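Right, one structure below, let's go through it.
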Amino acid sequence: MSGSLATYHPIIARDIKSDMSYRRSTDEPLKRFTEAKTSIGDIYNELETYVTDLSLFYNEILNDNGNVPEEQLQEVTRFKESIKTIRDMFMRDTMKVVFFGR
């Protein structure tokens, strides 16, 4: 009876090996996804910085009695909102896929 527990089963061993290689192969895409998610998040952080700087610049012009077309002010506001929405998506821990489009 005790000998039957220590019996080597090649079919079971093969299943374990294939399961381990499957995990390794699926971990790689997840790792690449995580790296891509981080890189894209960094890009949007940088974009947000540029748009915020532009907004501050426009506000300085307005405070110095300058003239900034209303269209440009609205465009900067839309950019800030869009970037915030996209960044919020990237910050989700449960995010699997993000689709960009119109």
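By order in the structure tokens, chains are A, B, ...; within a chain, residues start at 1; ligands start at 1, following the order shown.
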Name the residues in contact with range 68-84 of chain A at a cut-off of 7 Å, using only C-alpha atoms, excluding same-chain residues fewer than 2 positions from it; report them as a list of chain:residue names.
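The contact residues come out as A:Tyr44, A:Glu48, A:Val51, A:Ser55, A:Tyr58, A:Leu62, A:Gly66, A:Ile86, A:Arg87, A:Asp88.
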Saved selection, atoms kept: C-alpha atoms, as a short mmCIF file (atom, residue, chain, number, x, y, z; two decimals), in the first residue's frame:
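Dumped everything to selection07.cif:
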```cif
data_model
loop_
_atom_site.label_atom_id
_atom_site.label_comp_id
_atom_site.auth_asym_id
_atom_site.auth_seq_id
_atom_site.Cartn_x
_atom_site.Cartn_y
_atom_site.Cartn_z
CA TYR A 44 0.09 60.69 -20.10
CA GLU A 48 -0.75 66.37 -18.38
CA VAL A 51 -1.20 70.88 -20.82
CA SER A 55 -3.11 76.44 -19.06
CA TYR A 58 -2.78 81.25 -20.83
CA LEU A 62 -5.17 86.79 -19.28
CA GLY A 66 -3.73 89.90 -22.78
CA ILE A 86 -7.33 58.20 -19.76
CA ARG A 87 -4.96 58.40 -16.78
CA ASP A 88 -7.76 57.25 -14.46
#
```
Between CA of Asp42 in chain A and CA of Phe90 in chain A, measure the distance and give it in Å to one decimal.
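Result for CA of Asp42 in chain A versus CA of Phe90 in chain A: 10.0 Å, one decimal.
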Residue nearest Asn45 in chain A - candidates A:Leu30, A:Asn59, A:Met91, A:Asn67, atoms counted: only C-alpha atoms:
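Of A:Leu30, A:Asn59, A:Met91, A:Asn67, the one nearest Asn45 in chain A is A:Met91, counting only C-alpha atoms.
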Just how far from CA of Glu35 in chain A is CA of Met89 in chain A, in Å to one decimal?
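Separation between CA of Met89 in chain A and CA of Glu35 in chain A: 15.4 Å.
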